[in-house]
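Enquirer: Next up, entry23.pdb (PDB, C-alpha atoms).
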```
ATOM      1  CA  MET A 166       9.587  -0.414 -22.013
ATOM      2  CA  LYS A 167       8.709  -2.828 -24.834
ATOM      3  CA  PHE A 168       8.439  -6.540 -24.127
ATOM      4  CA  ASP A 169       8.844  -9.358 -26.671
ATOM      5  CA  ASN A 170       7.191 -11.975 -24.461
ATOM      6  CA  ASN A 171      10.636 -12.665 -23.049
ATOM      7  CA  LEU A 172      10.634 -13.936 -19.485
ATOM      8  CA  GLY A 173      14.011 -12.276 -18.936
ATOM      9  CA  ASP A 174      12.457  -8.872 -19.585
ATOM     10  CA  PHE A 175       9.818  -9.457 -16.932
ATOM     11  CA  ASP A 176      12.410 -10.750 -14.472
ATOM     12  CA  ALA A 177      14.432  -7.570 -15.021
ATOM     13  CA  LEU A 178      11.326  -5.435 -14.466
ATOM     14  CA  GLY A 179      10.670  -7.144 -11.135
ATOM     15  CA  ASP A 180      14.283  -7.113 -10.002
ATOM     16  CA  GLU A 181      14.398  -3.357 -10.622
ATOM     17  CA  HIS A 182      11.076  -2.966  -8.764
ATOM     18  CA  ILE A 183       9.473  -1.018 -11.587
ATOM     19  CA  GLY A 184       5.703  -0.633 -11.657
ATOM     20  CA  ALA A 185       3.943  -0.564 -15.007
ATOM     21  CA  SER A 186       0.557   0.861 -14.025
ATOM     22  CA  GLU A 187      -0.852   3.640 -11.849
ATOM     23  CA  ASN A 188      -3.825   1.400 -11.070
ATOM     24  CA  THR A 189      -3.572  -1.997  -9.435
ATOM     25  CA  PRO A 190      -3.634  -4.505 -12.331
ATOM     26  CA  MET A 191      -6.868  -6.465 -11.926
ATOM     27  CA  ARG A 192      -8.607  -8.953 -14.226
ATOM     28  CA  SER A 193     -12.217  -8.309 -15.214
ATOM     29  CA  ASP A 194     -13.301 -11.549 -13.496
ATOM     30  CA  ALA A 195     -11.478 -10.772 -10.243
ATOM     31  CA  PHE A 196     -14.616 -10.988  -8.088
ATOM     32  CA  GLN A 197     -16.509 -13.873  -9.653
ATOM     33  CA  LEU A 198     -15.255 -16.229  -6.941
ATOM     34  CA  SER A 199     -16.279 -15.821  -3.322
ATOM     35  CA  ASN A 200     -13.600 -15.337  -0.677
ATOM     36  CA  GLU A 201     -14.249 -18.887   0.557
ATOM     37  CA  GLU A 202     -13.705 -20.283  -2.960
ATOM     38  CA  LYS A 203     -10.495 -18.302  -3.323
ATOM     39  CA  ILE A 204      -9.226 -19.627   0.012
ATOM     40  CA  ASP A 205      -9.901 -23.241  -1.053
ATOM     41  CA  ILE A 206      -7.995 -22.783  -4.332
ATOM     42  CA  ILE A 207      -5.057 -20.921  -2.789
ATOM     43  CA  LYS A 208      -4.814 -23.490   0.020
ATOM     44  CA  ASP A 209      -4.245 -26.276  -2.527
ATOM     45  CA  ASP A 210      -1.711 -24.171  -4.434
ATOM     46  CA  VAL A 211       0.275 -23.370  -1.288
ATOM     47  CA  ARG A 212       0.254 -27.035  -0.342
ATOM     48  CA  ARG A 213       1.713 -27.951  -3.745
ATOM     49  CA  ILE A 214       4.425 -25.304  -3.409
ATOM     50  CA  LEU A 215       5.490 -26.556   0.018
ATOM     51  CA  GLU A 216       5.414 -30.190  -1.079
ATOM     52  CA  THR A 217       7.472 -29.306  -4.177
ATOM     53  CA  LEU A 218      10.055 -27.745  -1.872
ATOM     54  CA  GLY A 219      10.263 -31.108  -0.109
ATOM     55  CA  LEU A 220       8.479 -30.262   3.123
ATOM     56  CA  ASP A 221       6.525 -32.890   5.013
ATOM     57  CA  LEU A 222       3.049 -31.449   5.477
ATOM     58  CA  THR A 223       1.986 -34.281   7.747
ATOM     59  CA  ASP A 224       4.123 -32.639  10.440
ATOM     60  CA  ASP A 225       1.953 -30.960  13.088
ATOM     61  CA  SER A 226       3.708 -27.627  12.605
ATOM     62  CA  LEU A 227       3.163 -27.534   8.826
ATOM     63  CA  ASN A 228      -0.155 -29.300   8.409
ATOM     64  CA  GLY A 229      -2.276 -26.165   8.835
ATOM     65  CA  THR A 230       0.076 -23.814   6.984
ATOM     66  CA  PRO A 231      -1.648 -23.924   3.543
ATOM     67  CA  ASN A 232      -4.990 -22.948   5.058
ATOM     68  CA  ARG A 233      -3.446 -20.259   7.261
ATOM     69  CA  VAL A 234      -1.601 -18.723   4.296
ATOM     70  CA  ALA A 235      -4.704 -18.817   2.093
ATOM     71  CA  LYS A 236      -6.835 -17.058   4.719
ATOM     72  CA  MET A 237      -4.078 -14.504   5.324
ATOM     73  CA  PHE A 238      -3.824 -13.719   1.601
ATOM     74  CA  VAL A 239      -7.559 -13.269   1.053
ATOM     75  CA  ASN A 240      -8.706 -11.731   4.339
ATOM     76  CA  GLU A 241      -5.659  -9.826   5.544
ATOM     77  CA  ILE A 242      -2.565  -8.821   3.601
ATOM     78  CA  PHE A 243      -4.383  -8.672   0.231
ATOM     79  CA  GLY A 244      -7.741  -7.600   1.643
ATOM     80  CA  GLY A 245      -7.335  -4.204  -0.043
ATOM     81  CA  LEU A 246      -8.096  -5.839  -3.399
ATOM     82  CA  ASP A 247     -11.707  -6.226  -2.277
ATOM     83  CA  PRO A 248     -13.663  -3.022  -3.067
ATOM     84  CA  SER A 249     -16.239  -3.911  -0.422
ATOM     85  CA  LYS A 250     -13.525  -3.256   2.193
ATOM     86  CA  LYS A 251     -12.839   0.257   0.940
ATOM     87  CA  PRO A 252     -13.285   2.626   3.904
ATOM     88  CA  SER A 253     -16.214   5.000   3.713
ATOM     89  CA  ALA A 254     -14.617   8.383   4.242
ATOM     90  CA  SER A 255     -17.406  10.718   5.325
ATOM     91  CA  THR A 256     -16.582  14.403   5.127
ATOM     92  CA  PHE A 257     -17.813  17.228   7.316
ATOM     93  CA  GLU A 258     -18.210  20.944   6.908
ATOM     94  CA  ASN A 259     -15.174  22.862   8.105
ATOM     95  CA  LYS A 260     -17.262  24.892  10.592
ATOM     96  CA  TYR A 261     -14.274  26.093  12.597
ATOM     97  CA  LYS A 262     -12.822  27.608   9.408
ATOM     98  CA  TYR A 263      -9.424  26.000   9.866
ATOM     99  CA  GLY A 264      -7.576  27.100   6.733
ATOM    100  CA  GLU A 265      -4.073  25.820   7.339
ATOM    101  CA  MET A 266      -2.451  22.514   6.517
ATOM    102  CA  LEU A 267      -3.531  19.371   8.357
ATOM    103  CA  VAL A 268      -0.860  16.685   8.621
ATOM    104  CA  GLU A 269      -1.287  13.093   9.751
ATOM    105  CA  LYS A 270       2.240  11.739  10.111
ATOM    106  CA  ASN A 271       3.838   8.424  11.005
ATOM    107  CA  ILE A 272       0.974   6.292   9.690
ATOM    108  CA  THR A 273       2.215   2.704   9.795
ATOM    109  CA  VAL A 274       2.432   1.031   6.388
ATOM    110  CA  TYR A 275       2.400  -2.737   5.990
ATOM    111  CA  SER A 276       2.277  -3.702   2.336
ATOM    112  CA  THR A 277       3.596  -6.404   0.002
ATOM    113  CA  CYS A 278       5.949  -5.987  -2.943
ATOM    114  CA  GLU A 279       4.171  -7.285  -6.037
ATOM    115  CA  HIS A 280       7.422  -8.484  -7.610
ATOM    116  CA  HIS A 281       8.531 -10.948  -4.930
ATOM    117  CA  LEU A 282       5.573 -10.980  -2.495
ATOM    118  CA  LEU A 283       7.798  -9.844   0.351
ATOM    119  CA  PRO A 284       6.850  -7.208   2.958
ATOM    120  CA  ILE A 285       7.117  -3.452   2.605
ATOM    121  CA  VAL A 286       7.199  -1.810   6.043
ATOM    122  CA  GLY A 287       7.365   1.893   6.747
ATOM    123  CA  LYS A 288       5.609   5.153   7.530
ATOM    124  CA  ALA A 289       3.286   7.363   5.499
ATOM    125  CA  HIS A 290       2.844  11.098   6.070
ATOM    126  CA  VAL A 291      -0.323  12.616   4.597
ATOM    127  CA  ALA A 292      -1.519  16.216   4.461
ATOM    128  CA  TYR A 293      -4.292  18.297   2.967
ATOM    129  CA  ILE A 294      -5.548  21.868   2.962
ATOM    130  CA  SER A 295      -9.311  22.118   3.384
ATOM    131  CA  ASN A 296     -11.411  23.850   0.751
ATOM    132  CA  GLY A 297     -14.470  23.745   2.993
ATOM    133  CA  THR A 298     -14.654  20.101   4.048
ATOM    134  CA  VAL A 299     -12.642  17.941   6.441
ATOM    135  CA  VAL A 300     -12.326  14.194   6.915
ATOM    136  CA  GLY A 301     -12.012  12.218  10.147
ATOM    137  CA  LEU A 302      -8.389  11.671  11.137
ATOM    138  CA  SER A 303      -8.723   7.891  11.445
ATOM    139  CA  LYS A 304     -10.112   7.736   7.906
ATOM    140  CA  MET A 305      -6.744   8.929   6.591
ATOM    141  CA  ASN A 306      -5.070   5.988   8.323
ATOM    142  CA  ARG A 307      -7.727   3.617   6.976
ATOM    143  CA  ILE A 308      -7.246   4.854   3.406
ATOM    144  CA  VAL A 309      -3.495   4.258   3.680
ATOM    145  CA  ASP A 310      -4.106   0.789   5.105
ATOM    146  CA  TYR A 311      -6.675  -0.121   2.417
ATOM    147  CA  PHE A 312      -4.388   0.654  -0.512
ATOM    148  CA  ALA A 313      -1.389  -0.882   1.271
ATOM    149  CA  LYS A 314      -3.185  -4.226   1.693
ATOM    150  CA  ARG A 315      -2.563  -5.455  -1.844
ATOM    151  CA  PRO A 316       0.425  -6.399  -3.980
ATOM    152  CA  GLN A 317       2.032  -2.997  -4.499
ATOM    153  CA  VAL A 318       4.856  -0.859  -5.713
ATOM    154  CA  GLN A 319       5.528   2.086  -3.440
ATOM    155  CA  GLU A 320       5.147   4.702  -6.157
ATOM    156  CA  ARG A 321       1.661   3.459  -7.011
ATOM    157  CA  LEU A 322       0.660   3.285  -3.350
ATOM    158  CA  THR A 323       1.682   6.929  -2.842
ATOM    159  CA  ILE A 324      -0.322   8.074  -5.863
ATOM    160  CA  GLN A 325      -3.396   6.026  -4.937
ATOM    161  CA  ILE A 326      -3.519   7.521  -1.438
ATOM    162  CA  VAL A 327      -3.346  11.068  -2.794
ATOM    163  CA  LYS A 328      -5.937  10.483  -5.519
ATOM    164  CA  GLU A 329      -8.388   8.895  -3.101
ATOM    165  CA  LEU A 330      -8.131  11.798  -0.643
ATOM    166  CA  GLN A 331      -8.425  14.313  -3.473
ATOM    167  CA  GLU A 332     -11.679  12.668  -4.497
ATOM    168  CA  VAL A 333     -12.997  12.379  -0.939
ATOM    169  CA  LEU A 334     -12.166  15.994  -0.052
ATOM    170  CA  ASN A 335     -12.905  17.460  -3.491
ATOM    171  CA  THR A 336      -9.578  19.276  -3.564
ATOM    172  CA  LYS A 337      -6.246  18.886  -5.336
ATOM    173  CA  ASP A 338      -4.416  20.141  -2.242
ATOM    174  CA  VAL A 339      -3.234  16.766  -0.923
ATOM    175  CA  ALA A 340       0.266  15.386  -0.363
ATOM    176  CA  CYS A 341       1.805  12.103   0.705
ATOM    177  CA  VAL A 342       5.339  10.979   1.530
ATOM    178  CA  ILE A 343       6.174   7.339   2.275
ATOM    179  CA  ASP A 344       9.466   6.103   3.723
ATOM    180  CA  ALA A 345       9.655   2.300   3.770
ATOM    181  CA  LYS A 346      11.931  -0.696   3.831
ATOM    182  CA  HIS A 347      11.467  -3.366   1.159
ATOM    183  CA  LEU A 348      12.417  -6.865   2.236
ATOM    184  CA  CYS A 349      12.953  -7.784  -1.411
ATOM    185  CA  VAL A 350      15.946  -5.424  -1.174
ATOM    186  CA  ASN A 351      16.838  -5.958   2.492
ATOM    187  CA  SER A 352      16.592  -9.770   2.713
ATOM    188  CA  ARG A 353      17.346 -10.960  -0.851
ATOM    189  CA  GLY A 354      19.133  -9.662  -3.931
ATOM    190  CA  ILE A 355      21.546  -6.952  -2.821
ATOM    191  CA  ARG A 356      20.577  -7.647   0.848
ATOM    192  CA  ASP A 357      21.161  -4.064   1.955
ATOM    193  CA  ILE A 358      19.527  -3.964   5.386
ATOM    194  CA  GLU A 359      20.106  -0.225   5.918
ATOM    195  CA  SER A 360      18.463   1.259   2.819
ATOM    196  CA  SER A 361      14.903   2.544   2.635
ATOM    197  CA  THR A 362      12.800   3.962  -0.182
ATOM    198  CA  VAL A 363      11.159   7.391  -0.122
ATOM    199  CA  THR A 364       8.344   8.339  -2.502
ATOM    200  CA  SER A 365       6.181  11.456  -2.681
ATOM    201  CA  GLU A 366       3.161  12.816  -4.475
ATOM    202  CA  PHE A 367       2.224  16.501  -4.273
ATOM    203  CA  GLY A 368      -1.040  17.922  -5.569
ATOM    204  CA  GLY A 369      -2.426  21.435  -5.920
ATOM    205  CA  LYS A 370      -0.896  23.950  -3.511
ATOM    206  CA  PHE A 371       1.686  21.378  -2.412
ATOM    207  CA  LYS A 372       3.430  21.830  -5.756
ATOM    208  CA  ASP A 373       4.426  25.282  -4.484
ATOM    209  CA  MET A 374       7.868  24.996  -2.934
ATOM    210  CA  GLY A 375       6.940  26.997   0.166
ATOM    211  CA  THR A 376       3.907  24.838   0.985
ATOM    212  CA  ARG A 377       5.878  21.692   0.229
ATOM    213  CA  ARG A 378       8.698  22.795   2.533
ATOM    214  CA  GLU A 379       6.211  23.510   5.349
ATOM    215  CA  PHE A 380       4.812  19.974   5.010
ATOM    216  CA  LEU A 381       8.257  18.391   4.984
ATOM    217  CA  ASP A 382       9.245  20.414   8.057
ATOM    218  CA  TYR A 383       6.156  19.178   9.921
ATOM    219  CA  ILE A 384       6.918  15.521   9.288
ATOM    220  CA  LYS A 385      10.451  15.973  10.626
ATOM    221  CA  LEU A 386       9.088  17.016  14.035
ATOM    222  CA  ASP A 387      10.046  14.527  16.734
ATOM    223  CA  THR A 388       6.742  13.619  18.360
ATOM    224  CA  GLN A 389       7.095  11.802  21.674
ATOM    225  CA  PHE A 390       4.606  11.113  24.467
TER     226      PHE A 390
END
```
Reformat the file's structure so that it appears as structure tokens.

Expert:
Amino acid sequence: MKFDNNLGDFDALGDEHIGASENTPMRSDAFQLSNEEKIDIIKDDVRRILETLGLDLTDDSLNGTPNRVAKMFVNEIFGGLDPSKKPSASTFENKYKYGEMLVEKNITVYSTCEHHLLPIVGKAHVAYISNGTVVGLSKMNRIVDYFAKRPQVQERLTIQIVKELQEVLNTKDVACVIDAKHLCVNSRGIRDIESSTVTSEFGGKFKDMGTRREFLDYIKLDTQF
């Protein structure tokens, strides 16, 4: 899509929830400020937004909101922008020679739509076939959580999870499916509270229809305890 520096074009891009890059768009100076400096700046910006909306920030309930929001942005919901928080995913030799698919399903996803900064909430299902190494199960959840904790589009999130696990495990045989609700669709705009969005990325052997079908059958299993 070609843009002529027209704000309407960018509004349309966001309203259609289209992502323009496979990588999270980051400026080259993204980490020149410390987290504390970022919190101080964001706190003032949030305060101005709330005051512009006409809210009285001297009220006890609102007085601490700018600082709470700033800390939440930097330390929590956008913490995945910080490369120092990237999980170290140690791998181990597959000594038990398990050669079938490993599936980690129903991984909770909490992310934020980069177009309206509203929540994305859903489940990720991740699988790989070992080529000699395995990764700890919790590390798969942590990788999902790390890439989710940033302004995102769901397609990019799905790809980033797969590419990271491919690099960690040194294999192309990785797959991910995400099923999530976007509050920018559910609570504004069309306000369709029933719809959800499904994205997938299949690498290596998962491009084979039989292997793909096996994975999709696994994630449909009703696991209850």

Enquirer: Quick one: of A:Lys337, A:Arg307, A:His280, A:Lys288, who's nearest to A:Cys349, counting only C-alpha atoms?

Expert: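 Under the stated criterion, the closest residue is A:His280.
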
Enquirer: Please tell me which residues are no farther than 12 Å from (-8.2, 6.5, 9.7) in the file, counting all atoms listed in the file, and write them as a PyMOL selection string.

Expert: chain A and resi 251-255+269-270+272-273+291+300-311+330

Enquirer: Find, counting only C-alpha atoms, the residue in A:Asn188, A:Gln389, A:Thr336, A:Gln319 that gets nearest to A:Ser361.

Expert: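 Result for the nearest residue to A:Ser361: A:Gln319.
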
Enquirer: Could you tell me how far atom CA of A:Arg315 sits from atom CA of A:Ser276, in Å to one decimal place?

Expert: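 Between atom CA of A:Ser276 and atom CA of A:Arg315 the gap works out to 6.6 Å.
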
Enquirer: Can you find the residues with an atom no farther than 12 Å from (-10.4, 13.4, -3.0), counting only C-alpha atoms, and report them as a PyMOL selection string?

Expert: chain A and resi 254-256+292-296+298-300+305+308+324-340+368-369

Enquirer: With C-alpha atoms kept, could you save the residues just selected as a compact mmCIF listing (two decimals), in the coordinates of the input?

Expert:
```txt
# COMPACT_ATOMS: atom_id res chain seq x y z
CA ALA A 254 -14.62 8.38 4.24
CA SER A 255 -17.41 10.72 5.32
CA THR A 256 -16.58 14.40 5.13
CA ALA A 292 -1.52 16.22 4.46
CA TYR A 293 -4.29 18.30 2.97
CA ILE A 294 -5.55 21.87 2.96
CA SER A 295 -9.31 22.12 3.38
CA ASN A 296 -11.41 23.85 0.75
CA THR A 298 -14.65 20.10 4.05
CA VAL A 299 -12.64 17.94 6.44
CA VAL A 300 -12.33 14.19 6.92
CA MET A 305 -6.74 8.93 6.59
CA ILE A 308 -7.25 4.85 3.41
CA ILE A 324 -0.32 8.07 -5.86
CA GLN A 325 -3.40 6.03 -4.94
CA ILE A 326 -3.52 7.52 -1.44
CA VAL A 327 -3.35 11.07 -2.79
CA LYS A 328 -5.94 10.48 -5.52
CA GLU A 329 -8.39 8.90 -3.10
CA LEU A 330 -8.13 11.80 -0.64
CA GLN A 331 -8.43 14.31 -3.47
CA GLU A 332 -11.68 12.67 -4.50
CA VAL A 333 -13.00 12.38 -0.94
CA LEU A 334 -12.17 15.99 -0.05
CA ASN A 335 -12.90 17.46 -3.49
CA THR A 336 -9.58 19.28 -3.56
CA LYS A 337 -6.25 18.89 -5.34
CA ASP A 338 -4.42 20.14 -2.24
CA VAL A 339 -3.23 16.77 -0.92
CA ALA A 340 0.27 15.39 -0.36
CA GLY A 368 -1.04 17.92 -5.57
CA GLY A 369 -2.43 21.44 -5.92
```

Enquirer: Give the answer as one residue: which of A:Ser226, A:Gln317, A:Ser249, A:Gln197 has the shortest atom-to-atom distance to A:Val286, using all atoms listed in the file?

Expert: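 With all atoms listed in the file as the atom set, the closest residue is A:Gln317.
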
Enquirer: One decimal, in Å: what's the spacing between atom CA of A:Leu386 and atom CA of A:Thr323?

Expert: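 It comes out at 21.0 Å.
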
Enquirer: Determine the residue membership of the PyMOL selection byres ((chain A and resi 264) around 9) for the file above and supply it as a list in words.

Expert: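 Answer for the PyMOL selection byres ((chain A and resi 264) around 9): Asn259, Tyr261, Lys262, Tyr263, Glu265, Met266, Leu267, Ile294, Ser295, Asn296 and Gly297 of chain A.
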
Enquirer: Which residue gives the smallest distance to A:Tyr275 among A:Lys314, A:Lys208, A:His290, A:Lys385, with only C-alpha atoms counted?

Expert: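 Closest to A:Tyr275 of all the choices is A:Lys314.
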
Enquirer: Residue by residue, what does the PyMOL selection byres ((chain A and resi 244) around 12) grab here? Present the result as a PyMOL selection string.

Expert: chain A and resi 200+235-243+245-252+276-277+310-316

Enquirer: Determine the residue set returned by the PyMOL selection byres ((chain A and resi 366) around 6) for the present structure, and present it as a list in words.

Expert: Ala340, Cys341, Ser365 and Phe367 of chain A

Enquirer: By how many Å are atom CA of A:Ser352 and atom CA of A:Leu283 apart?

Expert: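 Here the two named atoms are 9.1 Å from each other.
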
Enquirer: Given 5 Å on each side, where is the centre and what are the edge lengths in Å to one decimal of the axis-aligned box enclosing the listed atoms of stretch 222-232 of chain A, as AutoDock Vina command-line options?

Expert:
```
--center_x -0.4 --center_y -28.6 --center_z 8.3 --size_x 19.1 --size_y 21.3 --size_z 19.5
```

Enquirer: Please identify all polymer residues within 12 Å of A:Arg212, counting all atoms listed in the file, omitting same-chain residues fewer than 2 positions from it, and present them as a list in words.

Expert: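 Counting only the stated atoms, we get Asp205, Ile206, Ile207, Lys208, Asp209, Asp210, Ile214, Leu215, Glu216, Thr217, Leu218, Gly219, Leu220, Asp221, Leu222, Thr223, Leu227, Asn228, Gly229, Thr230, Pro231, Asn232, Arg233, Val234 and Ala235 of chain A.
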